[in-house]
Protein chains: 2
Amino acid sequence: MQVSVLRGVLDANDLIAKENRKEFDAHGCFVINLMSAPGSGKTAILERTLRALGGQLHAAVIEGDVLGTLDADRLIPFGVPVIQINTDPHFGGECHLDARMIRNALAALPLEGVDVVFIENVGNLVCPAEFSVGEDRKVMVLSVAEGEDKPLKYPLMFRVSNLLLLNKTDLLEHLDFDLPDFRANAARANPMLPIIELSARTGQGFEAWIDWLLREVAATATGRAQCGGI
Amino acid sequence: MQVSVLRGVLDANDLIAKENRKEFDAHGCFVINLMSAPGSGKTAILERTLRALGGQLHAAVIEGDVLGTLDADRLIPFGVPVIQINTDPHFGGECHLDARMIRNALAALPLEGVDVVFIENVGNLVCPAEFSVGEDRKVMVLSVAEGEDKPLKYPLMFRVSNLLLLNKTDLLEHLDFDLPDFRANAARANPMLPIIELSARTGQGFEAWIDWLLREVAATATGRAQCGGI
């Protein structure tokens, strides 16, 4: 019984996610659902990414947090449209974004001329992996400070992700984090998951990430054009 | 409608939590619900705590994870009873422990002679704060690598906790973490929250944490005896 209720919630979510997808496609937007545990550096990565993109792509950001506008406030200086979703009102707040929240946010976010939408999910390695929001790619962030065992403990997040950004590599020399061990664990959860090591603090590795991003955006736009879309 | 359903879930949980409480009381067990984001160091803290306690207290551990027995395996060498709860095969698994899961675990965990039970919750700063499991104290762990803004973004976790262990202080010199800023943020969420700074890696700060633990266990046992309990 519990299973069928949950399945129903996820099916309903997927329907709305498809509606979001149509709207993103109609505007030619490439959409990234950025997920991680709390404090792994999603916002710091976005700050540096927006700076690195410069005029190459027009970006917009949807920020998901239980409460407050801290992350959105950090991105306003970059001059891109930013919408904050608070999952808060009931009890402790929802621990993930769902398609309906994104749907509501889109009503306030003009997509004309936007090439890429970054959706920063609530910090959580469990439930965000279960709720699609209409994204093109799921990108997860893991900080090396979180330990190399995480793929074994939160496998779904690794399994559904299209790219892993391994952040805070500037801390590696101060940690016992075993990189080959981590890569083996990640491969057990998802052998096809590409991993880019980077540091939002120093900028190391950002070239590879920006390359990946530009390539994916271009490939998706080409795919849409070939399908007779916009 | 959504609110009343959620309220119902939490009320039902609280009923079972009270049953757990009775069972813990009947055996004179002091119970800690240990909560944090993924990778903040809960298990490393438990390892060092069990070693530090030596014969002073008899401990038992209930480990909560979405999947696997990695953390439980790490604690077996300490010779204490360890029960692993996996929060389940449905979709991504539950992102928190609830009272019913603890109730089921107790069927397999003999409490005779146990002074303190550590319940290591699933790594998540949102939902574990909403579900009591029958504990005496909620203790949260935050790694300094997660940033000083977390009390503003996940206030309920800070609000319900009786103690905060600020872990990985050995990394402070390599981070931009602003300790006074963090303390101010934590005080905004919960002005009464005591904070112990420690490092599970170096052992710094463990004396204060073990002192707190021994004091709380003793005070609770005295309280029970005065109430005509066991």
# chains A, B, ... in the order shown; residues from 1 in each chain; ligands from 1
call {"tool": "closest_atom_pairs", "arguments": {"of": "region 118-192 of chain A", "to": "region 6-13 of chain A", "cutoff": "12 Å", "atoms": "only C-alpha atoms", "output": "Markdown table"}}
result
| residue | atom | partner | partner_atom | distance |
| --- | --- | --- | --- | --- |
| A:Cys127 | CA | A:Leu10 | CA | 11.1 |
| A:Pro128 | CA | A:Leu10 | CA | 11.6 |
| A:Ala129 | CA | A:Leu10 | CA | 11.4 |
| A:Glu130 | CA | A:Leu10 | CA | 7.7 |
| A:Phe131 | CA | A:Leu10 | CA | 6.9 |
| A:Ser132 | CA | A:Asn13 | CA | 7.3 |
| A:Val133 | CA | A:Asn13 | CA | 7.7 |
| A:Gly134 | CA | A:Asn13 | CA | 9.7 |
call {"tool": "write_last_selection", "arguments": {"atoms": "N, CA, C and O atoms", "output": "PDB file, in the first residue's frame"}}
result
ATOM      1  N   CYS A 127      16.294  12.240  -1.311  1.00  0.00           N
ATOM      2  CA  CYS A 127      15.043  12.459  -2.046  1.00  0.00           C
ATOM      3  C   CYS A 127      15.164  13.243  -3.362  1.00  0.00           C
ATOM      4  O   CYS A 127      14.419  12.956  -4.300  1.00  0.00           O
ATOM      5  N   PRO A 128      16.064  14.224  -3.473  1.00  0.00           N
ATOM      6  CA  PRO A 128      16.142  14.920  -4.766  1.00  0.00           C
ATOM      7  C   PRO A 128      16.397  13.961  -5.931  1.00  0.00           C
ATOM      8  O   PRO A 128      15.970  14.215  -7.059  1.00  0.00           O
ATOM      9  N   ALA A 129      17.061  12.835  -5.658  1.00  0.00           N
ATOM     10  CA  ALA A 129      17.348  11.864  -6.720  1.00  0.00           C
ATOM     11  C   ALA A 129      16.072  11.228  -7.266  1.00  0.00           C
ATOM     12  O   ALA A 129      16.055  10.692  -8.372  1.00  0.00           O
ATOM     13  N   GLU A 130      14.995  11.273  -6.488  1.00  0.00           N
ATOM     14  CA  GLU A 130      13.753  10.590  -6.873  1.00  0.00           C
ATOM     15  C   GLU A 130      12.800  11.477  -7.662  1.00  0.00           C
ATOM     16  O   GLU A 130      11.881  10.988  -8.295  1.00  0.00           O
ATOM     17  N   PHE A 131      13.007  12.794  -7.596  1.00  0.00           N
ATOM     18  CA  PHE A 131      12.047  13.724  -8.197  1.00  0.00           C
ATOM     19  C   PHE A 131      12.655  14.463  -9.381  1.00  0.00           C
ATOM     20  O   PHE A 131      13.461  15.377  -9.193  1.00  0.00           O
ATOM     21  N   SER A 132      12.259  14.063 -10.573  1.00  0.00           N
ATOM     22  CA  SER A 132      12.652  14.815 -11.757  1.00  0.00           C
ATOM     23  C   SER A 132      11.884  16.125 -11.782  1.00  0.00           C
ATOM     24  O   SER A 132      10.757  16.195 -11.282  1.00  0.00           O
ATOM     25  N   VAL A 133      12.494  17.153 -12.360  1.00  0.00           N
ATOM     26  CA  VAL A 133      11.810  18.446 -12.410  1.00  0.00           C
ATOM     27  C   VAL A 133      11.678  18.954 -13.844  1.00  0.00           C
ATOM     28  O   VAL A 133      11.232  20.070 -14.069  1.00  0.00           O
ATOM     29  N   GLY A 134      12.076  18.105 -14.818  1.00  0.00           N
ATOM     30  CA  GLY A 134      12.017  18.508 -16.220  1.00  0.00           C
ATOM     31  C   GLY A 134      13.385  18.902 -16.762  1.00  0.00           C
ATOM     32  O   GLY A 134      13.490  19.548 -17.809  1.00  0.00           O
TER      33      GLY A 134
END
call {"tool": "residues_around", "arguments": {"residues": "Pro77 (chain A)", "least_positions_apart": "3", "cutoff": "12 Å", "atoms": "only C-alpha atoms", "output": "ChimeraX atom specification"}}
result
/A:47-48,50-51,71-74,80-82
call {"tool": "write_last_selection", "arguments": {"atoms": "all heavy atoms", "output": "compact mmCIF listing (two decimals), in the first residue's frame"}}
result
# COMPACT_ATOMS: atom_id res chain seq x y z
N GLU A 47 28.56 30.40 -8.63
CA GLU A 47 29.19 31.73 -8.69
C GLU A 47 30.32 31.74 -9.71
O GLU A 47 30.38 32.59 -10.60
CB GLU A 47 29.75 32.12 -7.31
CG GLU A 47 28.67 32.48 -6.28
CD GLU A 47 29.26 32.74 -4.90
OE1 GLU A 47 30.16 31.98 -4.46
OE2 GLU A 47 28.83 33.69 -4.24
N ARG A 48 31.21 30.76 -9.58
CA ARG A 48 32.36 30.74 -10.47
C ARG A 48 31.96 30.38 -11.90
O ARG A 48 32.56 30.85 -12.87
CB ARG A 48 33.42 29.75 -9.95
CG ARG A 48 34.79 29.97 -10.54
CD ARG A 48 35.83 29.06 -9.92
NE ARG A 48 36.51 29.64 -8.79
CZ ARG A 48 37.63 30.38 -8.89
NH1 ARG A 48 38.14 30.65 -10.08
NH2 ARG A 48 38.22 30.85 -7.83
N LEU A 50 29.04 31.15 -13.40
CA LEU A 50 28.42 32.33 -14.03
C LEU A 50 29.50 33.31 -14.46
O LEU A 50 29.42 33.92 -15.54
CB LEU A 50 27.43 32.98 -13.06
CG LEU A 50 26.19 32.14 -12.73
CD1 LEU A 50 25.34 32.82 -11.66
CD2 LEU A 50 25.34 31.87 -13.98
N ARG A 51 30.53 33.46 -13.62
CA ARG A 51 31.64 34.35 -13.96
C ARG A 51 32.38 33.83 -15.20
O ARG A 51 32.68 34.56 -16.13
CB ARG A 51 32.60 34.47 -12.77
CG ARG A 51 33.38 35.76 -12.75
CD ARG A 51 34.29 35.88 -11.54
NE ARG A 51 33.59 35.60 -10.30
CZ ARG A 51 34.06 34.81 -9.32
NH1 ARG A 51 35.24 34.23 -9.43
NH2 ARG A 51 33.36 34.61 -8.23
N ASP A 71 21.40 31.93 -0.77
CA ASP A 71 22.10 31.53 -1.99
C ASP A 71 21.71 32.43 -3.15
O ASP A 71 22.55 32.83 -3.96
CB ASP A 71 21.79 30.06 -2.32
CG ASP A 71 22.40 29.12 -1.28
OD1 ASP A 71 23.24 29.58 -0.49
OD2 ASP A 71 22.03 27.94 -1.28
N ALA A 72 20.41 32.73 -3.25
CA ALA A 72 19.95 33.62 -4.32
C ALA A 72 20.65 34.98 -4.21
O ALA A 72 21.11 35.54 -5.21
CB ALA A 72 18.43 33.79 -4.24
N ASP A 73 20.77 35.49 -2.99
CA ASP A 73 21.43 36.79 -2.78
C ASP A 73 22.87 36.77 -3.30
O ASP A 73 23.36 37.77 -3.83
CB ASP A 73 21.43 37.15 -1.29
CG ASP A 73 20.01 37.39 -0.75
OD1 ASP A 73 19.10 37.54 -1.59
OD2 ASP A 73 19.84 37.39 0.47
N ARG A 74 23.54 35.62 -3.13
CA ARG A 74 24.93 35.52 -3.58
C ARG A 74 25.05 35.60 -5.10
O ARG A 74 26.10 35.96 -5.63
CB ARG A 74 25.54 34.20 -3.10
CG ARG A 74 25.88 34.20 -1.61
CD ARG A 74 26.22 32.82 -1.10
NE ARG A 74 27.40 32.22 -1.76
CZ ARG A 74 27.85 31.00 -1.49
NH1 ARG A 74 27.24 30.24 -0.60
NH2 ARG A 74 28.92 30.53 -2.12
N VAL A 80 22.15 37.77 -13.47
CA VAL A 80 21.26 36.81 -14.14
C VAL A 80 19.95 36.75 -13.36
O VAL A 80 19.92 37.03 -12.16
CB VAL A 80 21.90 35.40 -14.21
CG1 VAL A 80 23.23 35.45 -14.94
CG2 VAL A 80 22.08 34.79 -12.81
N PRO A 81 18.85 36.38 -14.04
CA PRO A 81 17.59 36.23 -13.31
C PRO A 81 17.70 35.09 -12.29
O PRO A 81 18.19 34.02 -12.62
CB PRO A 81 16.57 35.86 -14.41
CG PRO A 81 17.25 36.09 -15.71
CD PRO A 81 18.72 36.07 -15.48
N VAL A 82 17.29 35.36 -11.06
CA VAL A 82 17.33 34.35 -10.00
C VAL A 82 15.98 34.29 -9.30
O VAL A 82 15.45 35.32 -8.89
CB VAL A 82 18.41 34.68 -8.94
CG1 VAL A 82 18.47 33.57 -7.88
CG2 VAL A 82 19.78 34.86 -9.58
call {"tool": "interface_residues", "arguments": {"of": "chain A", "to": "chain B", "cutoff": "6 Å", "atoms": "only C-alpha atoms", "output": "ChimeraX atom specification"}}
result
/A:39,67,92,95,124,126,146-147,153,156
call {"tool": "residues_around", "arguments": {"residues": "Ala26 (chain B)", "least_positions_apart": "4", "cutoff": "12 Å", "atoms": "only C-alpha atoms", "output": "short mmCIF file (atom, residue, chain, number, x, y, z; two decimals) with C-alpha atoms, in the first residue's frame"}}
result
data_model
loop_
_atom_site.label_atom_id
_atom_site.label_comp_id
_atom_site.auth_asym_id
_atom_site.auth_seq_id
_atom_site.Cartn_x
_atom_site.Cartn_y
_atom_site.Cartn_z
CA GLU B 19 6.47 3.34 23.35
CA ASN B 20 10.19 3.28 22.56
CA ARG B 21 10.76 5.76 25.39
CA LYS B 22 9.01 3.45 27.86
CA PHE B 30 20.03 7.00 27.98
CA LEU B 111 18.92 -3.60 26.32
CA GLU B 112 19.83 -5.36 29.57
CA GLY B 113 22.91 -3.75 31.04
CA VAL B 114 23.07 -1.05 28.35
CA ASP B 115 23.64 2.46 29.75
CA ALA B 221 19.52 8.15 35.81
CA ARG B 224 14.50 8.33 36.88
CA ALA B 225 15.34 7.02 40.36
CA GLY B 228 10.28 6.05 41.49
CA GLY B 229 11.27 4.42 38.23
CA ILE B 230 13.61 1.50 37.84
#
call {"tool": "residues_around", "arguments": {"residues": "region 158-164 of chain B", "least_positions_apart": "4", "cutoff": "6 Å", "atoms": "only C-alpha atoms", "output": "JSON, numbers by chain"}}
result
{"B": [138, 139, 140, 141, 189, 190, 193, 194, 195]}
call {"tool": "residues_around", "arguments": {"residues": "Ile83 (chain A)", "least_positions_apart": "6", "cutoff": "7 Å", "atoms": "only C-alpha atoms", "output": "list in words"}}
result
Val61, Ile62, Glu63, Ala105 and Leu109 of chain A
call {"tool": "select_by_dssp", "arguments": {"residues": "region 82-165 of chain B", "states": "helix (DSSP H, G or I)", "output": "ChimeraX atom specification"}}
result
/B:99-106,127-130,144-146,150-153,155-160
call {"tool": "closest_residue", "arguments": {"among": "A:Leu166, A:Leu179, A:Val116, A:Ile210", "to": "Ile196 (chain A)", "atoms": "only C-alpha atoms"}}
result
A:Leu166
call {"tool": "atom_distance", "arguments": {"atom1": "CA of Cys29 (chain B)", "atom2": "CA of Asp136 (chain B)"}}
result
9.1 Å
call {"tool": "select_by_dssp", "arguments": {"residues": "chain B", "states": "strand (DSSP E)", "output": "ChimeraX atom specification"}}
result
/B:30-36,59-65,82-86,116-120,137-143,163-167,195-197
call {"tool": "residues_around", "arguments": {"residues": "Asn121 (chain A)", "least_positions_apart": "2", "cutoff": "6 Å", "atoms": "only C-alpha atoms", "output": "PyMOL selection string"}}
result
chain A and resi 34-35+64+97
